[in-house]
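Worksheet: the structure to be examined is printed underneath.
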Amino acid sequence: MRFIRIDMKERSIREDAVPPEYQGLGGRGLIAACLNREVPPRCHALGSENKLVISPGILSGTPFVNTSRLSLGAKSPLTGGIKESNVGGTPADLLGRHGVQALVVEGRPESGSWMLLHIDRSGQVALRECDHLAGMGTYETASTLKSEYGEDCTVLCIGPAGERLYAIASVQATDTDGRPCRAAGRGGMGAVMGSKGLKAVVIEPPDEDRVQIADPGGFRKAVAEVVRIIKSDPMNSEVMPELGTAALVAPVNAMGAFPCYNARKGVFEGWEKISGEALAELLKKRGGKPRHTGCSRCIIHCSNEFVDESGAYVTSSLEYETIWAMGGMLGVDDLDTIARLDFMCDDLGVDTMNAGVGMAVAMDSGHAPFGDREAVFRMMEDMARGTGLGPVLGAGPVAVGRHFNNPRVPAVKGQSIAAYDPRAMLGQGVTYATSPMGADHTAGNMVGAYLTNQLNPRDKAGQVEVSRELQIAFAAFDTLGLCFIAAVSFLKPDSCASFAKAVGAKMGCEFGVEDFRQMGMSVLRAEREFNRRAGLLSRDDRLPKFFYEEPLPPTNAVFTLSDQELDSVFEELNES
Amino acid sequence: MIVIVKLYGMLSRKVAGYEPDRGLEISVSEGATVGEVIGGIGIGSEESVVVVIDGEVAGAETPVCSGSVLRVFQPLHGG
């Protein structure tokens, strides 16, 4: 495997043998190990000591389906702790096929040109000046780079938000259609990339695949079984291809757990206008694509392509979390507005969730009435131009709350919650509070436990245990590069065993369910260790006060788990 | 008595002529349960769906009342 260090101060590239302590790691696990070892946890997230680690999952680049997740990690300017944010599209597959285990972007230029990192078809890596891309949105950046390096290249880039070092800046990746619409949105990885003076990474498809599979025959057989399991799961064979993740709008509202108007209510009056069912119907009528392949090697097709009334492209993919953040949280009940806002976020290069929640906090503070679409567009434009409230919004929801002296900020460790209110889904609150990532929608998403009748969402029983196991499982999946949607097909012991067999065939070792669990635990242990040394302690594993005190209509639920119960989530990690 | 069943996800496509705005109006006897209502509409067993009534996930044995709105989903995980 190739371990490539890029020094942005010296503008030099060094390719090392993989350090022994990073052998066999990838994705989130590699990031946890590398940051713990190489980055001073109390450093400034945008300073020279921080490092941006870009690493495909262990399975990325192989024929294993749905393994096109690329992890980007650094000390986060948003949370002050460790951050791994992963993204689909096409870069992980190409990096895996180039045999790249990690790109470690180090140092900080004192001044000078914007740079891009170029990996050509032969695998040669070079830094190139790219001042002509400065200030460009991600769509123009991607199309310019494709015209320069070939239509088949993949682009990973930041937009103006990353250049401005906004703490909610994303890194955008091109999808299978070459559009930079897939986001490593969370934790401000775009700002870290911007602080390094790195505007883009351009990856050409390799002339020759360098991916290594220890037992190709065993791997092929195991992957066939994995495909069978995914295809036999009704969620992944029926619902996701037809409705995408937006299918969640209906059940989460039905359970009164859709936080809207800055988490003042749990059911959005206009939810049936922005549901997955409404989205699919609209796209069908307009000739858009309710079913779309966003990522390399995808067999689920949960992505979509949103078009306007004339059939022209607006954005891809309109996802559940964005529909919530730009819809329910802001009181906006039309999909056309939400789709335009999604495009603006992707083009500017900001996380839709942190952007939406920041604007919701502003509206909740009296900046504009909920539902005022023009006010929302003005706030987005302010963010793009760096005028008015823009820089405050760019600094994240907690900064917005501080600006308006409003303590009602639905965020943990500085990062906004996602589209599940922790009062009406208690276990989701456990995950938000205790994940080393801050409030996160993929670190241990509980909604499946409620929608498969495994748990009662408002009964404390079992919430800690299920959140813990999901956090462990997804720390491992994020290390291996499997997408979240496919991963939920492997949560049961028998399907997980089939999945683990494929991992073992790739790595050339016996790998079982317990090894998978140990992998997840070791990742979480390393992440929590980094956070501890960064100064994030158990007092930071808490939800904002209003979730404990303010009943959520219509269920009037409050968050009821005690500090001791939250602290018990990772006791097992501390002991082992 | 009459209960309303609203279908989501791909379930609505399993019932011919289903109108999303109206849902299904179903006549059931007093004391009927969620399982009995679901079993009678041809979308599969109550184990293969999730039913929410008034914000609560309902079990197969949960009794329904006159005018109850049963929102029926396929099992889903977050994304």
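Labels used: A, B, ... for chains in the order of the structure tokens, numbers from 1 for residues in each chain, and numbers from 1 for ligands as shown.
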
With a cut-off of 6 Å and counting only C-alpha atoms, select all residues of chain A in contact with chain B and give the selection as a PyMOL selection string. chain A and resi 235+245+254-256+447-448+451-452

So which residues touch stretch 208-213 of chain A within 6 Å, counting only C-alpha atoms, skipping near sequence neighbours fewer than 2 positions away, as a PyMOL selection string? chain A and resi 97-99+206+215-216+506

Write the residues you've just listed into a file as a PDB file, in the first residue's frame, and include N, CA and C atoms for each of them.
ATOM      1  N   ARG A  97      -7.830   1.815  -5.936  1.00  0.00           N
ATOM      2  CA  ARG A  97      -7.255   1.150  -7.118  1.00  0.00           C
ATOM      3  C   ARG A  97      -5.842   1.652  -7.416  1.00  0.00           C
ATOM      4  N   HIS A  98      -5.529   2.860  -6.970  1.00  0.00           N
ATOM      5  CA  HIS A  98      -4.141   3.339  -7.079  1.00  0.00           C
ATOM      6  C   HIS A  98      -3.259   2.744  -5.969  1.00  0.00           C
ATOM      7  N   GLY A  99      -3.861   1.946  -5.095  1.00  0.00           N
ATOM      8  CA  GLY A  99      -3.091   1.337  -4.005  1.00  0.00           C
ATOM      9  C   GLY A  99      -2.776   2.305  -2.884  1.00  0.00           C
ATOM     10  N   PRO A 206      -6.584   4.785 -12.633  1.00  0.00           N
ATOM     11  CA  PRO A 206      -5.251   4.180 -12.830  1.00  0.00           C
ATOM     12  C   PRO A 206      -5.193   3.348 -14.107  1.00  0.00           C
ATOM     13  N   ASP A 215      -6.916 -13.298  -0.781  1.00  0.00           N
ATOM     14  CA  ASP A 215      -7.504 -14.568  -1.217  1.00  0.00           C
ATOM     15  C   ASP A 215      -8.600 -14.274  -2.239  1.00  0.00           C
ATOM     16  N   PRO A 216      -8.213 -14.069  -3.516  1.00  0.00           N
ATOM     17  CA  PRO A 216      -9.205 -13.624  -4.515  1.00  0.00           C
ATOM     18  C   PRO A 216     -10.403 -14.573  -4.653  1.00  0.00           C
ATOM     19  N   LYS A 506     -10.093 -10.466   2.032  1.00  0.00           N
ATOM     20  CA  LYS A 506      -9.340  -9.300   1.524  1.00  0.00           C
ATOM     21  C   LYS A 506      -8.004  -9.167   2.256  1.00  0.00           C
TER      22      LYS A 506
END

Excluding A:Ile472 and its own-chain neighbours fewer than 4 positions away, which residues fall within 9 Å of it when counting only C-alpha atoms? Please give them as a PyMOL selection string. chain A and resi 443-444+467-468+476-477+516-524

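For stretch 33-43 of chain B, the residues within 6 Å (counting only C-alpha atoms, excluding itself and residues fewer than 3 positions away along the chain) are Glu46, Ala60, Glu61, Thr62, Pro63 and Val64 of chain B.
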
Hey, what's within 6 Å of A:Pro553 if we count only C-alpha atoms and toss same-chain stuff fewer than 3 positions away? As a PDB file with N, CA and C atoms, in the first residue's frame, please?
ATOM      1  N   LYS A 265     -40.771  21.880  17.783  1.00  0.00           N
ATOM      2  CA  LYS A 265     -41.842  20.906  17.578  1.00  0.00           C
ATOM      3  C   LYS A 265     -41.268  19.606  17.017  1.00  0.00           C
ATOM      4  N   GLY A 266     -42.016  18.527  17.207  1.00  0.00           N
ATOM      5  CA  GLY A 266     -41.556  17.229  16.719  1.00  0.00           C
ATOM      6  C   GLY A 266     -42.302  16.736  15.497  1.00  0.00           C
ATOM      7  N   ASN A 556     -44.632  15.718  23.959  1.00  0.00           N
ATOM      8  CA  ASN A 556     -44.193  16.362  25.214  1.00  0.00           C
ATOM      9  C   ASN A 556     -43.086  15.573  25.923  1.00  0.00           C
TER      10      ASN A 556
END

Based on DSSP run over this structure's backbone, return all residues of stretch 35-75 of chain B in strand (DSSP E), as a ChimeraX atom specification. /B:50-53,56-58,69-73
